[in-house]
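Chemist: Data file entry.txt (compact mmCIF, C-alpha atoms) is appended below.
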```txt
# COMPACT_ATOMS: atom_id res chain seq x y z
CA MET A 1 -71.52 -160.03 -9.55
CA LYS A 2 -72.46 -161.74 -12.80
CA THR A 3 -75.17 -164.30 -13.47
CA ASN A 4 -76.68 -165.83 -16.56
CA SER A 5 -78.34 -163.17 -18.67
CA GLU A 6 -82.12 -163.35 -18.35
CA ILE A 7 -82.56 -160.49 -20.82
CA LYS A 8 -80.66 -160.95 -24.08
CA VAL A 9 -79.72 -158.33 -26.67
CA ARG A 10 -80.30 -158.78 -30.40
CA LEU A 11 -78.11 -156.76 -32.72
CA PHE A 12 -77.76 -156.36 -36.46
CA THR A 13 -74.52 -157.20 -38.22
CA GLY A 14 -71.62 -154.94 -37.34
CA SER A 15 -73.18 -153.38 -34.26
CA ILE A 16 -71.65 -155.43 -31.47
CA ASP A 17 -69.26 -152.63 -30.55
CA ARG A 18 -72.28 -150.54 -29.49
CA LEU A 19 -72.36 -152.31 -26.12
CA ARG A 20 -70.52 -151.25 -22.97
CA ILE A 21 -70.59 -152.47 -19.37
CA SER A 22 -70.53 -150.69 -16.01
CA ASN A 23 -69.51 -152.28 -12.74
CA GLY A 24 -72.85 -151.61 -11.08
CA ALA A 25 -74.81 -148.71 -9.62
CA ILE A 26 -73.98 -145.88 -7.27
CA LYS A 27 -76.28 -143.79 -5.08
CA VAL A 28 -76.18 -140.09 -5.96
CA LEU A 29 -77.37 -136.81 -4.48
CA GLU A 30 -77.72 -135.00 -7.80
CA ILE A 31 -78.02 -135.77 -11.52
CA ASN A 32 -76.96 -133.31 -14.21
CA GLY A 33 -76.37 -130.70 -11.51
CA ILE A 34 -79.92 -130.95 -10.07
CA PRO A 35 -80.55 -132.44 -6.59
CA CYS A 36 -82.48 -135.71 -6.70
CA HIS A 37 -84.48 -137.82 -4.28
CA GLU A 38 -82.87 -140.11 -1.74
CA GLU A 39 -82.16 -143.63 -2.93
CA THR A 40 -81.54 -142.55 -6.53
CA PHE A 41 -79.07 -144.71 -8.45
CA VAL A 42 -77.07 -144.25 -11.65
CA PRO A 43 -74.47 -146.47 -13.35
CA LYS A 44 -70.91 -146.37 -12.07
CA GLU A 45 -68.18 -145.10 -14.35
CA PRO A 46 -66.19 -145.87 -16.41
CA TRP A 47 -67.97 -147.73 -19.17
CA GLU A 48 -65.85 -150.62 -20.44
CA ARG A 49 -65.84 -152.72 -23.60
CA LEU A 50 -67.37 -156.18 -23.20
CA ASN A 51 -65.05 -159.16 -23.01
CA LYS A 52 -65.69 -162.45 -24.76
CA PHE A 53 -67.56 -163.93 -21.81
CA ASP A 54 -69.85 -160.91 -21.45
CA CYS A 55 -70.67 -161.00 -25.17
CA GLN A 56 -71.56 -164.67 -25.06
CA ARG A 57 -73.78 -164.14 -22.01
CA LEU A 58 -75.60 -161.10 -23.28
CA ILE A 59 -76.03 -161.37 -27.04
CA SER A 60 -78.82 -163.55 -28.39
CA LEU A 61 -78.05 -165.93 -31.23
CA LYS A 62 -81.09 -168.11 -30.72
CA LYS A 63 -84.84 -167.63 -30.74
CA HIS A 64 -85.86 -164.16 -29.65
CA ASN A 65 -87.87 -163.82 -26.44
CA TYR A 66 -90.50 -161.11 -26.13
CA ASN A 67 -88.70 -159.39 -23.23
CA ASP A 68 -85.30 -159.30 -24.93
CA ILE A 69 -83.81 -156.01 -26.16
CA SER A 70 -83.40 -155.40 -29.90
CA LEU A 71 -81.52 -152.78 -31.90
CA ILE A 72 -83.09 -152.07 -35.28
CA LYS A 73 -82.62 -149.74 -38.24
CA LEU A 74 -85.52 -147.90 -39.83
CA PRO A 75 -86.09 -148.73 -43.52
CA ARG A 76 -84.76 -146.15 -45.97
CA ASN A 77 -88.21 -145.01 -47.13
CA LEU A 78 -89.26 -144.25 -43.54
CA ILE A 79 -86.00 -142.41 -42.85
CA LYS A 80 -86.75 -140.17 -45.83
CA VAL A 81 -90.18 -139.35 -44.39
CA PHE A 82 -88.62 -138.23 -41.10
CA GLU A 83 -85.83 -136.34 -42.86
CA ASP A 84 -88.41 -134.29 -44.74
CA LEU A 85 -89.75 -133.01 -41.41
CA LYS A 86 -86.35 -131.42 -40.65
CA LEU A 87 -86.55 -132.46 -37.02
CA LYS A 88 -82.78 -132.23 -36.71
CA ASN A 89 -83.05 -128.46 -37.15
CA CYS A 90 -85.22 -128.07 -34.04
CA ILE A 91 -83.61 -126.01 -31.29
CA ASN A 92 -86.45 -125.77 -28.76
CA ASN A 93 -89.85 -127.19 -27.83
CA ASN A 94 -91.65 -124.54 -29.88
CA ASP A 95 -90.05 -126.01 -33.01
CA ILE A 96 -91.16 -129.49 -31.93
CA HIS A 97 -94.75 -128.35 -31.27
CA TYR A 98 -94.92 -126.66 -34.66
CA ILE A 99 -94.01 -129.93 -36.40
CA GLN A 100 -96.36 -132.02 -34.27
CA ASP A 101 -99.26 -129.73 -35.11
CA SER A 102 -98.76 -130.19 -38.85
CA SER A 103 -100.68 -132.52 -41.19
CA LYS A 104 -97.31 -133.78 -42.39
CA TRP A 105 -96.59 -135.07 -38.90
CA GLN A 106 -99.90 -136.92 -38.76
CA GLU A 107 -99.11 -138.60 -42.07
CA THR A 108 -95.65 -139.55 -40.79
CA ILE A 109 -97.17 -141.20 -37.72
CA LYS A 110 -99.60 -143.16 -39.89
CA LYS A 111 -96.74 -144.48 -42.04
CA THR A 112 -94.65 -145.36 -39.00
CA VAL A 113 -97.51 -147.19 -37.27
CA LYS A 114 -98.21 -149.08 -40.49
CA PHE A 115 -94.57 -150.23 -40.59
CA LEU A 116 -94.59 -151.22 -36.90
CA SER A 117 -97.91 -153.06 -37.23
CA ARG A 118 -96.16 -155.85 -39.12
CA PHE A 119 -94.26 -156.68 -35.93
CA ASN A 120 -97.06 -156.07 -33.43
CA LEU A 121 -98.46 -159.18 -31.77
CA ASN A 122 -102.18 -159.90 -31.33
CA ASN A 123 -103.24 -156.64 -33.03
CA THR A 124 -102.48 -154.85 -29.77
CA GLU A 125 -103.27 -151.14 -29.93
CA ILE A 126 -100.10 -149.18 -30.71
CA ILE A 127 -99.81 -146.11 -28.50
CA THR A 128 -97.91 -143.12 -29.91
CA HIS A 129 -96.12 -140.78 -27.52
CA LYS A 130 -95.35 -137.14 -28.13
CA LEU A 131 -91.95 -136.22 -29.49
CA TYR A 132 -89.34 -135.95 -26.77
CA PHE A 133 -87.01 -132.94 -26.88
CA GLY A 134 -84.21 -132.82 -24.32
CA GLN A 135 -81.04 -130.92 -23.65
CA PRO A 136 -77.68 -132.23 -24.91
CA ASN A 137 -74.99 -133.85 -22.80
CA LEU A 138 -77.12 -135.45 -20.06
CA LYS A 139 -75.73 -138.52 -18.31
CA ASN A 140 -79.25 -139.60 -17.33
CA ASN A 141 -82.28 -138.38 -19.29
CA THR A 142 -85.47 -139.26 -17.46
CA PHE A 143 -86.89 -136.21 -15.72
CA ASN A 144 -89.94 -136.04 -13.45
CA SER A 145 -91.37 -132.66 -14.46
CA HIS A 146 -93.91 -132.66 -11.62
CA GLU A 147 -91.22 -132.97 -8.97
CA GLY A 148 -88.39 -131.26 -10.87
CA VAL A 149 -85.88 -134.12 -10.51
CA PHE A 150 -84.01 -136.59 -12.68
CA ILE A 151 -84.93 -140.06 -11.45
CA GLY A 152 -81.98 -142.23 -12.51
CA MET A 153 -82.38 -145.94 -13.14
CA HIS A 154 -86.07 -146.82 -13.00
CA LEU A 155 -89.02 -148.87 -14.19
CA ASP A 156 -91.77 -147.45 -16.42
CA SER A 157 -95.36 -147.89 -15.26
CA TRP A 158 -97.60 -146.65 -18.06
CA GLU A 159 -99.54 -149.91 -18.01
CA GLY A 160 -99.73 -150.13 -14.22
CA GLU A 161 -99.53 -153.93 -14.19
CA HIS A 162 -98.81 -156.08 -11.15
CA ILE A 163 -95.21 -157.26 -10.98
CA PHE A 164 -96.06 -160.79 -12.16
CA SER A 165 -97.93 -159.48 -15.21
CA ARG A 166 -95.33 -157.00 -16.39
CA ASN A 167 -93.62 -159.49 -18.70
CA ARG A 168 -96.76 -159.29 -20.86
CA SER A 169 -97.08 -155.50 -20.80
CA ARG A 170 -96.58 -153.51 -23.97
CA ASN A 171 -92.92 -153.06 -24.76
CA ARG A 172 -91.43 -149.89 -26.15
CA ILE A 173 -89.76 -148.90 -29.39
CA CYS A 174 -87.84 -145.65 -29.07
CA ILE A 175 -86.55 -144.07 -32.29
CA ASN A 176 -83.56 -141.73 -32.23
CA LEU A 177 -84.50 -138.73 -34.42
CA GLY A 178 -81.65 -136.47 -33.32
CA ASN A 179 -78.28 -135.65 -34.83
CA GLU A 180 -76.12 -137.84 -32.60
CA PRO A 181 -76.13 -141.24 -30.88
CA ARG A 182 -78.06 -141.72 -27.65
CA PHE A 183 -77.89 -144.61 -25.19
CA LEU A 184 -80.12 -147.12 -23.44
CA LEU A 185 -78.83 -148.06 -19.97
CA PHE A 186 -80.22 -151.34 -18.63
CA TYR A 187 -79.91 -154.39 -16.41
CA ASN A 188 -79.98 -157.86 -17.97
CA ILE A 189 -82.42 -159.26 -15.39
CA SER A 190 -86.06 -158.43 -14.75
CA ILE A 191 -87.70 -156.69 -11.82
CA VAL A 192 -89.14 -160.09 -10.80
CA SER A 193 -85.64 -161.60 -10.54
CA MET A 194 -84.46 -158.59 -8.54
CA ALA A 195 -87.33 -159.09 -6.10
CA LYS A 196 -86.43 -162.74 -5.65
CA MET A 197 -82.73 -161.94 -5.10
CA ILE A 198 -83.55 -159.66 -2.18
CA ASP A 199 -86.31 -161.93 -0.78
CA PHE A 200 -88.79 -159.11 -1.29
CA GLN A 201 -92.26 -159.85 0.05
CA ILE A 202 -94.48 -158.90 -2.88
CA ASN A 203 -98.04 -157.81 -2.23
CA ASP A 204 -100.61 -155.81 -4.13
CA GLU A 205 -99.34 -152.41 -3.07
CA LYS A 206 -98.28 -150.46 -6.14
CA ASN A 207 -95.49 -148.71 -4.22
CA ASP A 208 -93.66 -152.01 -3.85
CA ILE A 209 -92.59 -151.74 -7.50
CA ASN A 210 -90.79 -148.48 -6.76
CA SER A 211 -88.87 -149.86 -3.81
CA ILE A 212 -87.70 -153.20 -5.22
CA TYR A 213 -84.93 -151.76 -7.37
CA LYS A 214 -83.68 -149.39 -4.67
CA LYS A 215 -83.27 -152.27 -2.25
CA PHE A 216 -81.67 -154.40 -4.97
CA ALA A 217 -79.13 -151.69 -5.91
CA SER A 218 -78.26 -151.20 -2.24
CA LYS A 219 -77.72 -154.93 -1.68
CA PHE A 220 -76.00 -155.64 -5.02
CA PRO A 221 -74.17 -152.42 -5.96
CA ASP A 222 -71.72 -154.32 -8.18
CA PHE A 223 -74.35 -156.02 -10.34
CA PRO A 224 -73.42 -154.91 -13.88
CA ILE A 225 -75.36 -152.40 -15.94
CA TYR A 226 -75.11 -152.31 -19.72
CA ARG A 227 -75.20 -149.48 -22.23
CA LEU A 228 -76.42 -149.78 -25.82
CA GLU A 229 -75.65 -147.05 -28.35
CA ILE A 230 -78.47 -146.09 -30.73
CA SER A 231 -77.47 -144.05 -33.80
CA PRO A 232 -79.79 -141.60 -35.61
CA TYR A 233 -82.71 -143.36 -37.34
CA GLU A 234 -82.16 -146.48 -35.28
CA ALA A 235 -84.37 -147.66 -32.44
CA TYR A 236 -84.28 -149.93 -29.45
CA ILE A 237 -87.09 -152.25 -28.46
CA ALA A 238 -87.26 -153.03 -24.76
CA SER A 239 -89.74 -154.14 -22.10
CA THR A 240 -89.23 -151.01 -20.03
CA GLU A 241 -92.07 -151.95 -17.65
CA PHE A 242 -90.15 -155.14 -16.82
CA ILE A 243 -86.49 -154.02 -16.97
CA ILE A 244 -84.77 -151.34 -14.90
CA HIS A 245 -83.32 -148.82 -17.34
CA ASP A 246 -82.68 -145.19 -18.23
CA GLY A 247 -81.66 -143.11 -21.24
CA SER A 248 -78.55 -141.00 -21.79
CA ASN A 249 -77.14 -138.64 -24.40
CA TRP A 250 -73.87 -138.00 -22.60
CA SER A 251 -71.12 -136.20 -24.59
CA SER A 252 -73.58 -134.90 -27.22
CA THR A 253 -73.69 -131.31 -28.48
CA PHE A 254 -77.15 -131.38 -30.12
CA PRO A 255 -80.57 -131.79 -28.48
CA ASP A 256 -81.93 -135.26 -27.78
CA ILE A 257 -84.97 -135.89 -30.01
CA ASN A 258 -86.74 -139.23 -29.90
CA LEU A 259 -90.12 -140.80 -30.48
CA THR A 260 -91.67 -143.67 -28.53
CA PHE A 261 -94.37 -146.15 -29.53
CA ARG A 262 -95.78 -148.80 -27.23
CA GLY A 263 -97.16 -152.10 -28.45
CA GLN A 264 -96.27 -155.78 -28.36
CA PHE A 265 -93.39 -155.59 -30.80
CA TYR A 266 -91.60 -158.77 -31.76
CA PHE A 267 -88.91 -158.93 -34.45
CA LYS A 268 -88.11 -162.46 -35.60
CA LYS A 269 -84.83 -161.78 -37.40
CA CYS A 270 -81.70 -162.59 -35.43
CA MET A 271 -78.05 -161.77 -36.11
CA SER A 272 -76.29 -164.71 -37.73
CA ILE A 273 -73.64 -166.42 -35.63
CA LEU A 274 -71.37 -166.15 -38.67
CA ASN A 275 -71.47 -162.36 -38.33
CA LEU A 276 -70.69 -162.21 -34.63
CA VAL A 277 -67.28 -160.71 -33.98
CA ILE A 278 -66.23 -161.06 -30.37
CA ILE A 279 -64.47 -158.03 -28.93
CA LYS A 280 -61.19 -158.87 -27.26
```
Transcribe the structure of this file into structure tokens.
Modeler:
Amino acid sequence: MKTNSEIKVRLFTGSIDRLRISNGAIKVLEINGIPCHEETFVPKEPWERLNKFDCQRLISLKKHNYNDISLIKLPRNLIKVFEDLKLKNCINNNDIHYIQDSSKWQETIKKTVKFLSRFNLNNTEIITHKLYFGQPNLKNNTFNSHEGVFIGMHLDSWEGEHIFSRNRSRNRICINLGNEPRFLLFYNISIVSMAKMIDFQINDEKNDINSIYKKFASKFPDFPIYRLEISPYEAYIASTEFIIHDGSNWSSTFPDINLTFRGQFYFKKCMSILNLVIIK
């Protein structure tokens, strides 16, 4: 099932081949060898290259909307700052904690926030997360440490907004600081659209947010899911409180290391239509 793309993707020149498409979601009993909760969904395999129609639907060549997804490269001077930390040499969480406890790390965060502030709307407070360190070769990354399960495709709820306010929640910039590419898995429609498609009766109960996607995936198992590849020292920007998504570092041999900031990030630059090469 394919509809017009509510959520567009903005890429820089030469990166269109980073996108892949899956023919929907499948309910699973375990993720990465660990049993998961009932009604847990992950993308179907295989991942396919996008055809011309999919590219035209998904990729933004016009004005950027706040809830669209962007792929960006860090500036060279900021890359050098992160390289000096030698994060890519980390082999466990103790190494990560050692770096995060250093004055050099605090200075790095200040420089990164200063860079991001130029793209942050309304002087919204930028929230810095702790460094994420994960094992290599995971098809789905997000792990609920309290319950000991991978959760599959999901919606973030740091802000705790009502469903109709989530389009204005802080979005997320997630920087790949590891040795290898990682992936953002996502739907190209919002949680609000999913609710409407299943005639979900929305009320003020917070738990409704958690059940909307599960009912949607059960009713529309063939609704496509997309995958965006993020190389080292690149980042994605996404409204992860508004879009069902997950992370992946499948087929990697090194740990997954990334850093998240939350704000109201908006990048005005858009890939020129002259640089768009449609994959056949």
Chemist: Counting all atoms listed in the file, what is within 6 Å of Leu185 (chain A), bar same-chain residues fewer than 2 positions away, as a list in words?
Modeler: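 The residues satisfying every condition are Tyr226, Arg227, His245, Asp246 and Gly247 of chain A.
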Chemist: One decimal, in Å: what's the spacing between CA of Ile31 (chain A) and CA of Glu159 (chain A)?
Modeler: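 These atoms are spaced 26.6 Å apart.
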Chemist: Could you check how far CA of Ile163 (chain A) sits from CA of Phe200 (chain A), in Å to one decimal?
Modeler: 11.8 Å
Chemist: Find the residue from A:Gln201, A:Ser169, A:Asn179, A:Ser193 that sits nearest to Arg262 (chain A); use all atoms listed in the file when measuring.
Modeler: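 Closest candidate: A:Ser169.
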Chemist: With all atoms listed in the file counted and 12 Å as the cut-off, give the residues of region 167-238 of chain A in contact with region 122-128 of chain A, each with its shortest interatomic distance in Å and the pair that gives it, as CSV.
Modeler:
```
residue,atom,partner,partner_atom,distance
A:Arg168,CA,A:Thr124,CA,11.5
A:Ser169,CA,A:Thr124,CA,10.5
A:Arg170,CA,A:Thr124,CA,8.4
A:Asn171,CA,A:Ile126,CA,10.1
A:Arg172,CA,A:Ile127,CA,9.5
A:Ile173,CA,A:Thr128,CA,10.0
A:Cys174,CA,A:Thr128,CA,10.4
A:Ile175,CA,A:Thr128,CA,11.6
```
Chemist: Nearest to Cys36 (chain A) among A:Glu147, A:Glu229, A:Asp156, A:Glu234, with distances taken over all atoms listed in the file: which residue is it?
Modeler: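 With all atoms listed in the file as the atom set, the closest residue is A:Glu147.
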Chemist: Might you pull out every residue within 12 Å of Met197 (chain A), with all atoms listed in the file counted and same-chain residues fewer than 2 positions away left off, and present them as a PDB file with C-alpha atoms, keeping the file's coordinate frame?
Modeler:
```
ATOM      1  CA  THR A   3     -75.170-164.300 -13.470  1.00  0.00           C
ATOM      2  CA  ILE A 189     -82.420-159.260 -15.390  1.00  0.00           C
ATOM      3  CA  SER A 190     -86.060-158.430 -14.750  1.00  0.00           C
ATOM      4  CA  ILE A 191     -87.700-156.690 -11.820  1.00  0.00           C
ATOM      5  CA  VAL A 192     -89.140-160.090 -10.800  1.00  0.00           C
ATOM      6  CA  SER A 193     -85.640-161.600 -10.540  1.00  0.00           C
ATOM      7  CA  MET A 194     -84.460-158.590  -8.540  1.00  0.00           C
ATOM      8  CA  ALA A 195     -87.330-159.090  -6.100  1.00  0.00           C
ATOM      9  CA  ASP A 199     -86.310-161.930  -0.780  1.00  0.00           C
ATOM     10  CA  PHE A 200     -88.790-159.110  -1.290  1.00  0.00           C
ATOM     11  CA  GLN A 201     -92.260-159.850   0.050  1.00  0.00           C
ATOM     12  CA  ILE A 212     -87.700-153.200  -5.220  1.00  0.00           C
ATOM     13  CA  TYR A 213     -84.930-151.760  -7.370  1.00  0.00           C
ATOM     14  CA  LYS A 215     -83.270-152.270  -2.250  1.00  0.00           C
ATOM     15  CA  PHE A 216     -81.670-154.400  -4.970  1.00  0.00           C
ATOM     16  CA  ALA A 217     -79.130-151.690  -5.910  1.00  0.00           C
ATOM     17  CA  SER A 218     -78.260-151.200  -2.240  1.00  0.00           C
ATOM     18  CA  LYS A 219     -77.720-154.930  -1.680  1.00  0.00           C
ATOM     19  CA  PHE A 220     -76.000-155.640  -5.020  1.00  0.00           C
ATOM     20  CA  PHE A 223     -74.350-156.020 -10.340  1.00  0.00           C
TER      21      PHE A 223
END
```
Chemist: Please indicate the distance in Å from CA of Ile99 (chain A) to CA of Leu87 (chain A), rounded to one decimal place.
Modeler: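 Calculated distance between CA of Ile99 (chain A) and CA of Leu87 (chain A) is 7.9 Å.
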Chemist: Counting all atoms listed in the file, which of A:Lys88, A:Arg118, A:Lys62, A:Lys139 gets nearest to Phe254 (chain A)?
Modeler: A:Lys88
Chemist: Give me the residues within 12 Å of Asp54 (chain A) as a PyMOL selection string, counting all atoms listed in the file and dropping any in the same chain fewer than 2 places off.
Modeler: chain A and resi 2-5+8-9+16+19-22+48-52+56-60+188+224-226+278-280
Chemist: Using all atoms listed in the file, determine which residues lie at most 12 Å from region 74-83 of chain A, disregarding the query and same-chain residues fewer than 3 positions distant; provide the list as an NGL selection string.
Modeler: :A and (12 or 71 or 86-89 or 99 or 104-116 or 173-179 or 230-236 or 257-259)
Chemist: Using all atoms listed in the file, find the one residue out of A:Leu184, A:Ile198, A:Ile7, A:Ile96 that sits nearest to Asp68 (chain A).
Modeler: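 Smallest distance to Asp68 (chain A) is found for A:Ile7.
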Chemist: Which residue out of A:Phe133, A:Tyr266, A:Phe53, A:Tyr98 has the minimum interatomic distance to Asn249 (chain A) when only C-alpha atoms are used?
Modeler: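 For Asn249 (chain A), the nearest of the candidates is A:Phe133.
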Chemist: Select, from A:Ser102, A:Thr240, A:Asn120, A:Asn144, the residue with the minimum atom-to-atom distance to Trp158 (chain A), counting all atoms listed in the file.
Modeler: A:Thr240
Chemist: Residues near Lys214 (chain A), anyone? I mean within 8 Å using all atoms listed in the file, not counting same-chain ones fewer than 5 positions away, as a VMD selection string.
Modeler: chain A and resid 39 to 41
